[in-house]
Structures are given as structure tokens and as C-alpha cells.
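Visitor: Starting off with a structure, shown below.
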Amino acid sequence: MLDSQRTWEMFRYFVRRVLQGVLTFFGATFIVYALMFANQTDPLQTLAGERPLPENVRQALTERYHLDDPFIVQYGHYMRGLLTGDFGISLTNRSIKEMMEQAWPVTVRLALLAIVIAVLISVTSGIISGIRRGGPFDTVTLIITLILLALPIVVLAPLAQLFFGVQLKWFPATAGADPGVYQLLLPAAVLATLVMATEIRVTRASVAENLRSDYVRTARAKGLSKRRVIGVHVLRNSLIPVITLIGLDLGNLMAGAIVTEGVFNIPGVGFNLFRGIRTEDGPLVVGFVSILVIVFIVVNLVVDLLYAVLDPRIRYE
Amino acid sequence: MSNVESVTQAEAPAADPAAAGAGGSEKPRSLAGDAWNDLKRNWIFWAASVLVVLVVMMAAFPGLFTSADPEYCSLSRQHAGPSGGAIFGYNFQGCDVYARTIYGARNSVLIGLFATIISGAIGLIIGMAAGYFGGWVDALLARGIDIVLGIPTLLAAIVLARRLSDSEDSGFWPVVITLGVLTWTTGARIMRSSVISAKSQDYVAAARMLGAGHARLMFRHILPNAAAPFVVVLTLLLGANIATEATLTFLGVGLRGNAISWGIDISTAAPYVREAAAPLVWPSVFLAATVLAFIMLGDAIRDAFDPRLR
């Protein structure tokens, strides 16, 4: 009885959350599209640059890009392109979809490496600070997280490249085409610092909270070793918020990847976007940003749903 | 309304002799007084305040810190080491790195400030309306907040800043507007939740029964009691905005051309790190210190106002 009620509640939550995701998807793509193309003075002249544009070419292009249609119809065409996987062509005449397909695996490798580094470091130090709150390790960790929070990636990426790549030569200063794990290690560490500070603080807070909880007292009272109490009981419950954070941090990671990949010359999604911005390649920027926004929304949706499954205490409202 | 105020004023002197009579010189403290007492003893707060004051001085009166002209560059001293007043040496163009770093504070601070004012105003209005009116207004606004939150800030900022800027100007206002309209969501959410908890208090009901209108209730009664967490968010946001401005400028969609800014200096120095590190290191250090100062300040104030976090 209770179980079926719970399943029903969960189902309703899922439907609500998916509907909200769909709404966000349309709202966000609409905003991005409106920002990019609304009130543009003369996109065709921008495309042609300094050269004069013959009237018949102008007419053909206007028809091809639906420039005479009202704004909302243009948005419809753009959405149809997005949903059917047609993201347009860059100013350098390459298919954005193909560029994305080449760049994607590299960025995923970089991001996964960054997440692994971030989770390893933040869970370990978060647990130690959570257990010894107020101790020297905790104080130092708190100060370090404060500094990490304040270091923008534009500061960190070039400085890390300078110190660890150019001066100390511990890592390659730039990664070439198809970079391996060793080449990606330094950029991944830079990217990891973006999310590490929050993860350390959240782990610390939830470990400290869980240590005071009833189930830990029970586990201690029945004579379990400290190691087992912390390693199994506390750890498992403290990881839930950290997992959610990883999903939320994806937006941060993508933003950080633009600068990091640009600085370290990693041919991923961020690098293409970085180059597209610098070479003023409008279609490329819009195509890539649209794809990234979609990925961000979908991942957040999946994380929210996973969270509901992982943590039975969550309230479906 | 005035009689309520006069009642509280009349009460205060009456309470004071009673406290003094009990032998304690301590007055009953308000939340703000408590928080200030906490802050006074927090070294992080003082360190952050000193840094903030320094940076603001730099932004307002750069001439106090250097007499060199940041725009005078000479290729004959390209990447030259420190000499005389140029304690950080010279960059690729032969400009004084120290002077450029000092003068770069102004753009960062002003952009951070204006962007935060815009996003604070939007967040205040939307959060206040959603929290105060509730019902369908709240439902609508909350969905709007969700949608804007669903957009990764930097990505949207790249598109918007590109769109707003035309290549003639320095790119100052486009960056301010971009940051302002994209970063108000956190403030709006905080405002909304603190308004919701403040509006059910007795003093609000009392004021309403005395005939106070919506505007008076919102801005004279609810706002002062819901403002603390909002101010904290804005302080943190100021630091974040300065960092985002540097990132946008670094990417090439922020400040441009002849503007003197840490973001531009970092981005122009980055390709030449192998030849000279100082032109990259110093603007980076100043930028990081400024962001750190605002984040530490916000953190300290939040801890003082919310003892539960300790």
C-alpha cells in the first residue's frame, strides 16, 4: 500500500520534472536564439563582409535562411534544425555537426578526468576535515577552498601552464591532436579546481552532519569499528550531495573548458568555441552554444531524476 | 504608522535604565549588532576589507600608486626587466606592467559594481514580487527563474556580449548589461525565500492592519528584515562578476581595443609566457586578489548573519 503510493508520487515527480525540463529547453533555446539574431541589422552584408552583394544573390540567400519570415517562424526553423541534428555550417564552410563529432570525445575525456581528480581529492579531504572539525587540517583546507573559489580559470589556466608546463616541465605545456591521459592531466587538474572547492565544503558539511546522526550512534553502540562506521555508513550517505553537485557543476566545467582548452591547445568542444569566438564565426558559436545548452539541460534532468532514486528521503513536491 | 514608531522609541529609554539598574551595561542587541560583534573579531573580515579598500582606492585614484602613464609604450623596452618605477618590468608592447595593472583596477571594479547593481535590482524586484504576492505571480516568476538558471551563464554571456557590442566602443556597457541580465537568479531566489518567511511575521500583519499599502509593506517592513542574505549574495556576486568580466575579455567578447583591463593584459601576455612571465603573473595576481577579497567579505558577513553555518 505504502509502496504503491510512493511509486505513484515518484512517477508524478518524474513527469513534473521532465515537463519542467522541456519548458526550460524551449525557454533557453528561445533566449539564445533571440539574443543572437533578433534586430540584426543586415546579416547577409555581415556574411559578405566588405564586398557589395548583388540583388539576386541577396534574394536567394534571404529565401534560403528564411529572413523574410516573422521571428517566431525563424525560431521554428532553428528548432527543427536542432531537433533533427542539423546545426548549420560554420563560416569556414564545415558542418558544425561534424566538428562536434570530432571534438566531443576529447572534451568528454578531459571532463571525466577532471571529475575523477576533483572527486578523489574533495571526498578524501572533505572526510578528514569533517571528522576533525576545527583542527589544523580543517583550517588549512577551508582557506584553500576559499582561494580556489576566488581563482578564475583565466588566471589559473595560464599560470598553471607557466609554472608546471614551461618552468618546471612536469607536464607538457600544450596538448596536440588526440591527446592522451598524461597530456590531459594538467588541464584536467586546472578544470577540477573549478568544482573542487564546493565539493570539499559540501562533503565536509555532510560528513559532520552525518557523524551526529542517530544511525551513526547506533552503529557505534553496537560495537562497529570506527573504520567501518565512517567507511561504510557515513561515507555512503555523505556522497549523495556530492553526486548531485557533479551534475550541477557540468555547466561550470563546460565554461571552464572553453578557456582551458584554448590555453592548452586541446582540440575539444571548448577549443572550437574559443576559436569561433576569436574569429567571429557567428554560426559556429550559436551552433556550439545551442548544443552545449541542450547537453546541460539534459544532464541536469538526469541528475535530478537519479537523485530522487538514490535518496529515498527526498520529498516529491 | 508614525505612532508605531513613536511607541518603539518611547519604549527604548524605558528599557535602558532597567538594564542599567540590573548592573549590566550591555544593551539588548539586534541581529545586525550581533553580526557586527562577530565580524569585529573575524580576521578574514578585516583582511578582506583592507583588500577591498585598497582595490577601490586603486580604481578611484590610480595616480596615488604610480606616476607612470599606462598608455605610454615603447617597443625598445619590450619584455625588459624591472627598472625605476616599473617594478614589474615591461610587457610585449613595452608598456609598464605595474602602471597597467594599477590602472586596470578601474574597469574591473566599475564593471563588477554596475553589473551587480543591475542584477541586484532585477533580483530584488522579481524575488520580492514572487515572494510577496505568491499564487500565480510566484508560479510564473519561479518558472522564469528556473529557465534562466537552466542556461549556463558563460555560454549565454558569450552570445549576448557578442550581440550587444559593436566594434566601435570599448565594450564596457555591453559587458555590464550582459552580466547584469544573466546573473540575477541567485539573488531573486534568496530574496523570494526570505520575503516568504518575513511576510508571515506578526509585525507585517500589524502593519497591514494599520492600513499600510503593498509598497509600504514591501519596502519599509519586509525588505529591511529580508535584506541581510540578499546583501551577502550581492557581495559574492560582485567578486564573481569581476571574474566573469575577465573571462569574457580574455575570450575576446568583453573589453576591447585600447581599454586597460586585467583580462586584456592576461590574454595578450599568455602567448608570450615563455619569453616573459611577469606581464602574465601580475594582472593575474591582482585579479585573483580582488575576487578573493569580495568572496571572503561575503563569506564572513554570511557567517556572521547565519550562525547555523558555523
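Going by the C-alpha cells order, chains are called A, B, ..., each with residues numbered from 1, while ligands are numbered from 1 in the order shown.
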If we count only C-alpha atoms, what is near segment 230-247 of chain A at a cut-off of 10 Å, once residues fewer than 2 positions away on the same chain are taken out, given as an MDAnalysis selection string?

Guide: chainID A and resid 115 118:119 122:123 126:127 131 195:196 198:211 213 215:216 219 224:228 249:253 296 299:304 306:307 310:311

Visitor: Give me, as a tab-separated table, each residue of chain B that comes within 7 Å of chain A, together with its shortest interatomic pair and the distance in Å at one decimal, counting only C-alpha atoms, with rows ordered by chain and rising residue number.

Guide:
residue	atom	partner	partner_atom	distance
B:Ile147	CA	A:Thr24	CA	4.7
B:Val148	CA	A:Ala28	CA	7.0
B:Gly150	CA	A:Ile297	CA	6.3
B:Ile151	CA	A:Ala28	CA	6.0
B:Pro152	CA	A:Gly251	CA	5.4
B:Leu154	CA	A:Ala255	CA	5.9
B:Leu155	CA	A:Val289	CA	6.2
B:Ala156	CA	A:Val32	CA	6.6
B:Val159	CA	A:Met36	CA	6.2
B:Leu160	CA	A:Leu35	CA	5.7
B:Arg163	CA	A:Met36	CA	5.9
B:Ala243	CA	A:Pro152	CA	5.7
B:Thr247	CA	A:Val154	CA	5.8
B:Leu251	CA	A:Phe274	CA	6.7
B:Gly252	CA	A:Arg278	CA	6.1
B:Ala270	CA	A:Pro158	CA	6.3
B:Val273	CA	A:Leu162	CA	6.5
B:Arg274	CA	A:Val166	CA	6.7
B:Val281	CA	A:Leu159	CA	7.0
B:Ser284	CA	A:Val155	CA	5.2
B:Ala288	CA	A:Leu151	CA	5.3
B:Val291	CA	A:Ala150	CA	5.4
B:Leu292	CA	A:Ala150	CA	4.6
B:Ile295	CA	A:Ala150	CA	6.8

Visitor: Using only C-alpha atoms, determine which residues lie at most 6 Å from Ala226 of chain B, disregarding the query and same-chain residues fewer than 2 positions distant; provide the list as number ranges by chain.

Guide: B: 194-195, 223-224, 228

Visitor: Take the residues from that selection and write them out as a short mmCIF file (atom, residue, chain, number, x, y, z; two decimals), in the first residue's frame, keeping C-alpha atoms.

Guide:
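To be explicit, this is the file written out as result_32.cif:
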data_model
loop_
_atom_site.label_atom_id
_atom_site.label_comp_id
_atom_site.auth_asym_id
_atom_site.auth_seq_id
_atom_site.Cartn_x
_atom_site.Cartn_y
_atom_site.Cartn_z
CA SER B 194 13.43 35.44 2.75
CA VAL B 195 10.37 37.51 1.80
CA LEU B 223 12.71 44.42 2.94
CA PRO B 224 14.82 45.54 5.93
CA ALA B 228 20.82 40.50 5.00
#

Visitor: If you run DSSP on this backbone, which residues of segment 82-198 of chain A come out as helix (DSSP H, G or I), and could you give them as a ChimeraX atom specification?

Guide: /A:82-83,96-131,136-150,153-167,181-198

Visitor: Can you list, as a PyMOL selection string, every protein, DNA or RNA residue that comes within 12 Å of Phe164 of chain A when you count only C-alpha atoms, leaving out same-chain residues fewer than 6 positions away?

Guide: chain A and resi 156-158+170-174+185-187+189-190

Visitor: If you keep N, CA and C atoms, can you produce a file of those selected residues as a tab-separated table (two decimals), in the first residue's frame?

Guide:
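Here's the written file result-v3.tsv:
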chain	number	residue	atom	x	y	z
A	156	LEU	N	44.03	30.83	-13.53
A	156	LEU	CA	44.62	29.54	-13.18
A	156	LEU	C	45.24	28.83	-14.39
A	157	ALA	N	44.52	28.81	-15.51
A	157	ALA	CA	45.00	28.04	-16.66
A	157	ALA	C	46.34	28.56	-17.19
A	158	PRO	N	46.47	29.87	-17.48
A	158	PRO	CA	47.78	30.32	-17.97
A	158	PRO	C	48.88	30.18	-16.92
A	170	TRP	N	56.98	19.62	-15.64
A	170	TRP	CA	56.43	18.35	-15.14
A	170	TRP	C	55.45	17.76	-16.15
A	171	PHE	N	54.73	18.65	-16.80
A	171	PHE	CA	53.72	18.20	-17.76
A	171	PHE	C	53.97	18.91	-19.08
A	172	PRO	N	53.49	18.33	-20.20
A	172	PRO	CA	53.58	19.06	-21.47
A	172	PRO	C	52.77	20.35	-21.38
A	173	ALA	N	53.34	21.47	-21.90
A	173	ALA	CA	52.67	22.77	-21.78
A	173	ALA	C	51.45	22.85	-22.67
A	174	THR	N	51.49	22.15	-23.80
A	174	THR	CA	50.31	22.12	-24.66
A	174	THR	C	50.06	20.69	-25.09
A	185	LEU	N	46.45	15.64	-18.14
A	185	LEU	CA	46.44	15.65	-16.68
A	185	LEU	C	46.45	17.07	-16.10
A	186	LEU	N	47.34	17.92	-16.62
A	186	LEU	CA	47.44	19.28	-16.08
A	186	LEU	C	46.17	20.09	-16.37
A	187	PRO	N	45.70	20.11	-17.64
A	187	PRO	CA	44.44	20.84	-17.89
A	187	PRO	C	43.27	20.28	-17.08
A	189	ALA	N	43.44	18.91	-14.15
A	189	ALA	CA	43.59	19.37	-12.76
A	189	ALA	C	43.12	20.82	-12.63
A	190	VAL	N	43.46	21.65	-13.64
A	190	VAL	CA	43.01	23.04	-13.63
A	190	VAL	C	41.48	23.10	-13.63

Visitor: What is the atom CA of Ala293 of chain B-atom CA of Thr235 of chain B distance in Å, reported with one decimal?

Guide: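 Atom CA of Thr235 of chain B lies at a distance of 9.8 Å from atom CA of Ala293 of chain B.
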
Visitor: For a test of reading the model, state the distance in Å between atom CA of Tyr75 of chain A and atom CA of Ala188 of chain B, rounded to one decimal.

Guide: 28.5 Å

Visitor: I'd like the interatomic distance between atom CA of Val116 of chain A and atom CA of Arg133 of chain A, to a tenth of an Å.

Guide: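 Atom CA of Arg133 of chain A lies 25.0 Å from atom CA of Val116 of chain A.
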
Visitor: Which residues are near Leu237 of chain B? Cut-off 12 Å, only C-alpha atoms, ignore same chain within fewer than 2 positions. Put them as a ChimeraX atom specification.

Guide: /A:150 /B:111-120,123,179-180,182-187,230-235,239-245,291-299

Visitor: List every residue of segment 60-269 of chain B that DSSP, applied to the backbone of this structure, assigns to strand (DSSP E or B), and report them as a PyMOL selection string.

Guide: chain B and resi 73+83+86+90+95-96
